[in-house]
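Scroll down for the structure; my scribbles are underneath it.
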Amino acid sequence: MADYGVTIFFRKTGTAAWLSYRDYVRHIAYGLIRSGSPLTFSEGFRHRVALQAPQALPLGVASFGEPFYVSLASPMSVDLGALAHFFTTDEAPVAIENKKWKNYLSVFDTPAGILKVDLEKQSLKQAIESLGVKPWEIVKVALESKDGYTLMLHGRKLS
Amino acid sequence: MLYSTIMLTNDELYSVEKPSRYLGGEYNSISKDWESTDFKVALLYPDLYEVGMSYHGLQLFYFLLNGEPDILAERVFTPAPDMGALLRSKNLHLWSLESKKPLHHFDVIAVHCLTELAATNILETLYLGGIPLRADQRAPSDPYVIAGGPAISNPSYMEPFFDAVFIGEADDKLIEITRMLAEARRLRANRMQTLEDLTRVEGIYVPALRNEVQEHHVLSRHMFYPTKLIVPNVEAVQERAVVELARGCTRGCRFCHAGYFYRPVRETGAAKAADVIMNIKRSTGFYEVGLLSLSTFDYSQLHEVVELLKGQDLNLSLPSLRLDSLDIGLLHEVDPTHRLTLTLAPETGSDRLRKTLNKPFSNEQILAAVEELAAAGWTKFKFYFMVGLPGETEDDMLQIAHLLNEADDRAFKQNRRARVHATIASFVPKPYTPFQWARQISIEEARKAYELVYRQLKRQIEASFRNPWFSFLEGLLSRSDVRVSDAVLKAWQKGAVFDAAEVSTNSEAWQQAFVEAELEPNAYLSARDPDQPLPWDHIKVGASKAYLQAELERSKLGQGTMDCRYGCLGCQVCGGELWPTMA
């Protein structure tokens with residue numbers, strides 16, 4: 001089956017920063033169903049929304065945009081404003097790309113400066129402990145691909 | 001401090017397990033303006049957030065009350081022990097999830113009582129919310145605490161702590177009650193006078209007045225169906241799009257409190273039920289579906305509902321199967337991949353004893369059904385049994401094991417992947433059932449019975465046995481008199497909370513409480529004389545006492561009683577406009 005997948009970036013701020021990874025992913029899946037998007041479902045005994053969630057963030061860590069790769073059954077032009085209606089403000093969609101993000105660095109703004117982490121290979125919890133900062137003091141602000149392309153997830157300059 | 005509204009620092013929030021239990025802000029939750037809304041009610045569910053968010057009644061009342069422009073309804077759950085300790089150490093009051101207001105700022109606290117084992121959780125939650133525990137200690141400015149639900153149909157064990165108890169179904173009364181009590185609080189009216197006035201509402205029992213009260217039922221046309229549900233922050237134990245296919249059951253199983261409490265049956269039309277499910281899916285994204293009913297396979301339009309929900313990317317789940325209304329064709333429709341666990345509730349392994357319960361099917365029928373279902377592709381079978389039923393012998397107990405062993409044999413012969421699971425509990429006689437006079441077996445007897453069954457079971461059968469302490473405590477509270485309330489308070493003061501938790505170590509606190517309250521707990525398990533008054537006689541729930549006595553006699557003779565949908569049996573529940581209503 002053709003896959004018209006897109007990457008949608010969702011906020012994980014405020015109350016959502018205190019959700020467990022599992023609950024956050026569950027919320028995004030429910031929101032996508034609510035939106036009536038042409039989703040695809042897993043083929044198993046119990047149907048589940050086919051989406052690839054990003055690596056988990058430790059409890060309390062906020063993000064201006066977590067990339068979810070969503071498999072769609074048909075092409076769809078996503079209106080972020082309309083889509084946001086189906087999510088809480090703290091989990092609202094902020095950006096959309098037609099590419100699938102792989103092997104990227106997550107860029108965090110922390111009181112101790114910018115921190116870049118490959119979440120697939122490194123533990124963010126250990127990294128922030130070694131910096132001596134608390135989970136709720138850091139926020140994911142950008143993604144950086146291996147070829148140097150940086151996707152800013154918010155409007156302000158990196159400190 | 002991110003959550004200054006709840007007076008905790010981020011460090012403190014981080015220190016508790018699952019902090020999102022306490023933050024609110026969920027999709028579909030409703031935050032009204034506190035100052036400009038006249039009447040404020042807190043819906044208190046006395047258990048953890050994820051347990052309470054599974055309960056359909058809570059969401060039903062939440063959307064019903066918030067549908068009124070002059071009422072705001074907010075949720076409060078019992079905090080886990082780590083959060084409870086934090087609130088105590090900081091001298092903070094428990095807040096509602098929506099406006100983050102302390103519990104004592106509300107006009108009315110509506111407590112949902114689904115199990116007697118939540119008694120200490122109720123006290124814990126009221127205490128943490130800054131509300132005086134005893135109704136007679138509350139001032140006119142304190143909230144009115146009103147309880148409802150099947151576990152409070154005999155309210156004796158909690159009487160001193162509630163201003164009022166609603167006996168029955170409050171769907172069409174709660175708005176009126178809320179306005180009345182909130183207005184009284186606003187005017188700082190005399191509490192006793194207010195409560196006396198409240199007794200004019202059908203179903204209201206005021207413990208301080210010990211008034212006679214008749215259970216209130218909702219007519220099917222007044223039943224409320226929420227088409228939105230809150231999407232919980234923490235995954236709920238049962239997270240589903242839920243619709244009440246029917247309220248009530250008229251099978252008349254003689255041990256079943258719900259069967260008597262909620263009768264008569266009132267069915268929802270298939271089109272309405274399917275419409276509610278689809279609306280909930282659109283508003284929540286839930287794709288697991290719960291079709292609520294005490295006996296779903298008795299619902300007359302189940303085929304139609306299943307047909308209407310077909311092809312909508314929904315996962316339907318199945319409740320316990322009734323063998324006398326089993327429909328394998330329908331099972332195939334609901335579960336074409338045979339992924340579900342099929343649940344059967346034979347209750348006992350003995351045909352003779354099952355007849356006394358008014359469950360008219362035999363072991364041979366159970367085994368034939370298992371064989372047929374295994375041959376058709378289902379592999380997971382779960383059985384529910386009870387030990388300690390009235391008139392049970394050791395041989396009856398052994399027959400539980402024999403039935404399970406035989407079911408496992410027959411299922412395995414049909415399907416090599418078939419597995420049998422069993423859950424066995426100690427029977428708790430409940431008030432307002434024909435077995436309300438029966439003796440409950442002791443903890444030691446229950447343990448012996450479990451061992452007897454366990455020794456005879458084949459190894460491959462996975463059996464779990466309910467901790468007999470839970471049955472003991474449930475039995476004591478459900479058939480209590482007001483003296484037991486003193487033990488409840490003392491047990492809570494000694495640290496008992498979350499009594500239904502498997503890891504709970506509260507029994508010591510309870511034992512000390514019994515001694516201090518000068519209570520002999522085992523006396524409450526003994527048989528009651530049908531000719532003597534019962535502590536709950538002034539509260540009229542379900543069938544008349546004469547009908548229950550007649551049913552008890554029929555039970556002793558092993559006689560069945562038919563389903564009242566096919567002819568009135570004179571139990572005296574129905575009358576006026578209230579009769580069994582089919583879809």
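Residues are referred to by chain and number: the chain letter is A, B, ... according to the order shown in the structure tokens, the number counts from 1 in that chain, and ligands are numbered separately from 1 in the order shown.
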
- request: List every residue of segment 5-157 of chain A that DSSP, applied to the backbone, labels as helix (DSSP H, G or I), and write the result as a count of residues only.
  value: 38

Please produce, as a tab-separated table, a per-residue contact table for chain A versus chain B (criterion: any atom at most 12 Å away, only C-alpha atoms considered), showing the nearest atom pair and its distance in Å to one decimal, sorted by chain then residue number.
residue	atom	partner	partner_atom	distance
A:Thr13	CA	B:Leu2	CA	10.7
A:Gly14	CA	B:Leu2	CA	7.8
A:Thr15	CA	B:Leu23	CA	6.6
A:Ala16	CA	B:Ser20	CA	8.1
A:Ala17	CA	B:Ser20	CA	9.0
A:Trp18	CA	B:Ser20	CA	5.7
A:Leu19	CA	B:Ser20	CA	5.7
A:Ser20	CA	B:Lys18	CA	7.6
A:Tyr21	CA	B:Val234	CA	10.5
A:Arg22	CA	B:Glu235	CA	8.6
A:Asp23	CA	B:Val234	CA	6.0
A:Tyr24	CA	B:Asn233	CA	8.2
A:Val25	CA	B:Glu235	CA	10.9
A:Arg26	CA	B:Glu235	CA	8.2
A:His27	CA	B:Val231	CA	7.8
A:Ile28	CA	B:Gly285	CA	9.6
A:Ala29	CA	B:Gly285	CA	7.7
A:Tyr30	CA	B:Gly285	CA	4.2
A:Gly31	CA	B:Gly285	CA	6.2
A:Leu32	CA	B:Gly285	CA	7.5
A:Ile33	CA	B:Gly285	CA	4.9
A:Arg34	CA	B:Gly285	CA	4.8
A:Ser35	CA	B:Arg282	CA	7.9
A:Gly36	CA	B:Arg282	CA	7.8
A:Ser37	CA	B:Gly285	CA	11.3
A:Pro38	CA	B:Asp313	CA	11.8
A:Leu39	CA	B:Asp313	CA	10.5
A:Thr40	CA	B:Asp313	CA	10.0
A:Phe41	CA	B:Asp313	CA	8.4
A:Ser42	CA	B:Asp313	CA	10.8
A:Glu43	CA	B:Thr337	CA	11.3
A:Gly44	CA	B:Thr337	CA	9.4
A:Phe45	CA	B:Arg339	CA	6.3
A:Arg46	CA	B:Asn315	CA	6.8
A:His47	CA	B:Asn315	CA	7.2
A:Arg48	CA	B:Tyr287	CA	8.7
A:Val49	CA	B:Tyr287	CA	9.9
A:Pro58	CA	B:Tyr14	CA	10.9
A:Leu59	CA	B:Tyr14	CA	7.9
A:Gly60	CA	B:Tyr14	CA	7.4
A:Val61	CA	B:Tyr14	CA	10.9
A:Ala62	CA	B:Leu2	CA	11.7
A:Ala84	CA	B:Tyr27	CA	11.9
A:His85	CA	B:Tyr27	CA	10.4
A:Phe86	CA	B:Tyr27	CA	8.4
A:Phe87	CA	B:Tyr27	CA	6.9
A:Thr88	CA	B:Tyr27	CA	5.9
A:Thr89	CA	B:Tyr27	CA	9.5
A:Asp90	CA	B:Gly25	CA	9.1
A:Glu91	CA	B:Tyr27	CA	10.0
A:Ala92	CA	B:Tyr27	CA	11.4
A:Val133	CA	B:Asp11	CA	11.7
A:Lys134	CA	B:Asp11	CA	8.5
A:Pro135	CA	B:Tyr14	CA	9.1
A:Trp136	CA	B:Asn10	CA	7.3
A:Glu137	CA	B:Asn10	CA	9.7

Could those residues be written to a file, using C-alpha atoms, as a PDB file, in the first residue's frame?
ATOM      1  CA  THR A  13       5.050  21.701  27.009  1.00  0.00           C
ATOM      2  CA  GLY A  14       3.258  22.658  30.223  1.00  0.00           C
ATOM      3  CA  THR A  15       1.184  19.754  31.533  1.00  0.00           C
ATOM      4  CA  ALA A  16       2.269  17.557  28.613  1.00  0.00           C
ATOM      5  CA  ALA A  17       5.904  17.761  29.770  1.00  0.00           C
ATOM      6  CA  TRP A  18       4.797  15.833  32.845  1.00  0.00           C
ATOM      7  CA  LEU A  19       3.147  13.047  30.881  1.00  0.00           C
ATOM      8  CA  SER A  20       4.935   9.760  30.564  1.00  0.00           C
ATOM      9  CA  TYR A  21       6.232   8.993  27.078  1.00  0.00           C
ATOM     10  CA  ARG A  22       3.608   6.295  26.644  1.00  0.00           C
ATOM     11  CA  ASP A  23       0.765   8.619  27.631  1.00  0.00           C
ATOM     12  CA  TYR A  24       2.055  11.387  25.380  1.00  0.00           C
ATOM     13  CA  VAL A  25       2.193   9.077  22.359  1.00  0.00           C
ATOM     14  CA  ARG A  26      -1.272   7.796  23.232  1.00  0.00           C
ATOM     15  CA  HIS A  27      -2.591  11.366  23.268  1.00  0.00           C
ATOM     16  CA  ILE A  28      -1.099  12.149  19.864  1.00  0.00           C
ATOM     17  CA  ALA A  29      -2.634   8.992  18.379  1.00  0.00           C
ATOM     18  CA  TYR A  30      -6.059   9.882  19.796  1.00  0.00           C
ATOM     19  CA  GLY A  31      -5.768  13.440  18.486  1.00  0.00           C
ATOM     20  CA  LEU A  32      -4.945  12.215  15.006  1.00  0.00           C
ATOM     21  CA  ILE A  33      -8.008   9.939  15.041  1.00  0.00           C
ATOM     22  CA  ARG A  34     -10.164  12.847  16.215  1.00  0.00           C
ATOM     23  CA  SER A  35      -8.892  14.956  13.346  1.00  0.00           C
ATOM     24  CA  GLY A  36     -10.320  12.471  10.840  1.00  0.00           C
ATOM     25  CA  SER A  37      -6.967  12.304   8.971  1.00  0.00           C
ATOM     26  CA  PRO A  38      -6.690   9.367   6.527  1.00  0.00           C
ATOM     27  CA  LEU A  39      -4.620   7.296   8.937  1.00  0.00           C
ATOM     28  CA  THR A  40      -3.448   3.767   8.402  1.00  0.00           C
ATOM     29  CA  PHE A  41      -3.770   1.122  11.075  1.00  0.00           C
ATOM     30  CA  SER A  42      -1.574  -1.784  12.103  1.00  0.00           C
ATOM     31  CA  GLU A  43      -2.457  -5.180  10.663  1.00  0.00           C
ATOM     32  CA  GLY A  44      -2.406  -7.027  13.996  1.00  0.00           C
ATOM     33  CA  PHE A  45      -5.275  -8.446  16.016  1.00  0.00           C
ATOM     34  CA  ARG A  46      -5.921  -5.105  17.628  1.00  0.00           C
ATOM     35  CA  HIS A  47      -5.832  -2.218  15.224  1.00  0.00           C
ATOM     36  CA  ARG A  48      -3.537   0.615  16.224  1.00  0.00           C
ATOM     37  CA  VAL A  49      -2.701   3.862  14.483  1.00  0.00           C
ATOM     38  CA  PRO A  58      12.610  12.172  30.483  1.00  0.00           C
ATOM     39  CA  LEU A  59       9.665  13.242  32.621  1.00  0.00           C
ATOM     40  CA  GLY A  60       9.525  17.024  33.005  1.00  0.00           C
ATOM     41  CA  VAL A  61      11.525  17.831  29.852  1.00  0.00           C
ATOM     42  CA  ALA A  62       9.609  20.088  27.467  1.00  0.00           C
ATOM     43  CA  ALA A  84      -4.518  22.151  16.359  1.00  0.00           C
ATOM     44  CA  HIS A  85      -8.230  22.191  17.179  1.00  0.00           C
ATOM     45  CA  PHE A  86      -8.003  18.455  17.959  1.00  0.00           C
ATOM     46  CA  PHE A  87      -5.205  18.779  20.518  1.00  0.00           C
ATOM     47  CA  THR A  88      -4.661  20.599  23.793  1.00  0.00           C
ATOM     48  CA  THR A  89      -2.493  23.724  23.555  1.00  0.00           C
ATOM     49  CA  ASP A  90       0.366  21.919  25.288  1.00  0.00           C
ATOM     50  CA  GLU A  91       0.326  19.189  22.608  1.00  0.00           C
ATOM     51  CA  ALA A  92      -0.545  21.326  19.584  1.00  0.00           C
ATOM     52  CA  VAL A 133      20.357  20.993  35.597  1.00  0.00           C
ATOM     53  CA  LYS A 134      16.838  19.825  36.317  1.00  0.00           C
ATOM     54  CA  PRO A 135      14.628  18.164  33.659  1.00  0.00           C
ATOM     55  CA  TRP A 136      12.082  21.010  33.734  1.00  0.00           C
ATOM     56  CA  GLU A 137      14.797  23.596  33.087  1.00  0.00           C
TER      57      GLU A 137
END

- request: List the neighbours of Met386 of chain B out to 7 Å using only C-alpha atoms; skip same-chain residues closer than 2 positions along the sequence, and give me the result as a PyMOL selection string.
  value: chain B and resi 347-348+388-389+424-427

Prev. selection, N, CA and C atoms, output as an mmCIF file, in the first residue's frame:
data_model
loop_
_atom_site.group_PDB
_atom_site.id
_atom_site.type_symbol
_atom_site.label_atom_id
_atom_site.label_comp_id
_atom_site.auth_asym_id
_atom_site.auth_seq_id
_atom_site.Cartn_x
_atom_site.Cartn_y
_atom_site.Cartn_z
ATOM 1 N N GLU B 347 -19.798 -19.627 38.413
ATOM 2 C CA GLU B 347 -19.904 -19.324 39.852
ATOM 3 C C GLU B 347 -19.568 -20.520 40.738
ATOM 4 N N THR B 348 -20.024 -21.703 40.350
ATOM 5 C CA THR B 348 -19.747 -22.908 41.133
ATOM 6 C C THR B 348 -19.533 -24.080 40.175
ATOM 7 N N GLY B 388 -17.801 -20.762 49.289
ATOM 8 C CA GLY B 388 -18.521 -20.252 50.460
ATOM 9 C C GLY B 388 -19.963 -19.893 50.165
ATOM 10 N N LEU B 389 -20.495 -20.387 49.057
ATOM 11 C CA LEU B 389 -21.898 -20.113 48.737
ATOM 12 C C LEU B 389 -22.813 -20.845 49.724
ATOM 13 N N ILE B 424 -10.939 -17.243 41.428
ATOM 14 C CA ILE B 424 -11.805 -17.807 42.468
ATOM 15 C C ILE B 424 -11.814 -16.859 43.670
ATOM 16 N N ALA B 425 -13.007 -16.541 44.115
ATOM 17 C CA ALA B 425 -13.146 -15.594 45.229
ATOM 18 C C ALA B 425 -14.039 -16.194 46.287
ATOM 19 N N SER B 426 -13.966 -15.612 47.446
ATOM 20 C CA SER B 426 -14.829 -16.043 48.536
ATOM 21 C C SER B 426 -16.126 -15.230 48.479
ATOM 22 N N PHE B 427 -17.242 -15.907 48.567
ATOM 23 C CA PHE B 427 -18.553 -15.270 48.399
ATOM 24 C C PHE B 427 -18.849 -14.259 49.518
#

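Reported to one decimal place, the separation of atom CA of Phe465 of chain B from atom CA of Ala513 of chain B is 26.3 Å.
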
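Relative to atom CA of Phe61 of chain B, atom CA of His93 of chain B is found at 23.9 Å.
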
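Close contacts of segment 146-153 of chain A, defined as residues with an atom at most 9 Å away when counting only C-alpha atoms, with chain neighbours fewer than 5 positions off set aside, comprise Phe9, Ser63, Phe64, Gly65, Glu66, Val94, Ala95, Asn103, Tyr104, Leu105, Lys140 and Val141 of chain A.
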
- request: Would you mind listing what lies within 10 Å of Glu267 of chain B as a ChimeraX atom specification, with only C-alpha atoms counted and same-chain residues fewer than 2 positions away left out?
  value: /B:220,244-249,264-265,269-270,273,293,299-301,580-583

query: In segment 74-156 of chain B, what's strand (DSSP E) per DSSP? Answer as a list in words?
result: Glu74, Arg75, Val76, Phe77, Val108, Ile109, Ala110, Val111, His112, Tyr144, Val145, Ile146, Ala147 and Gly148 of chain B
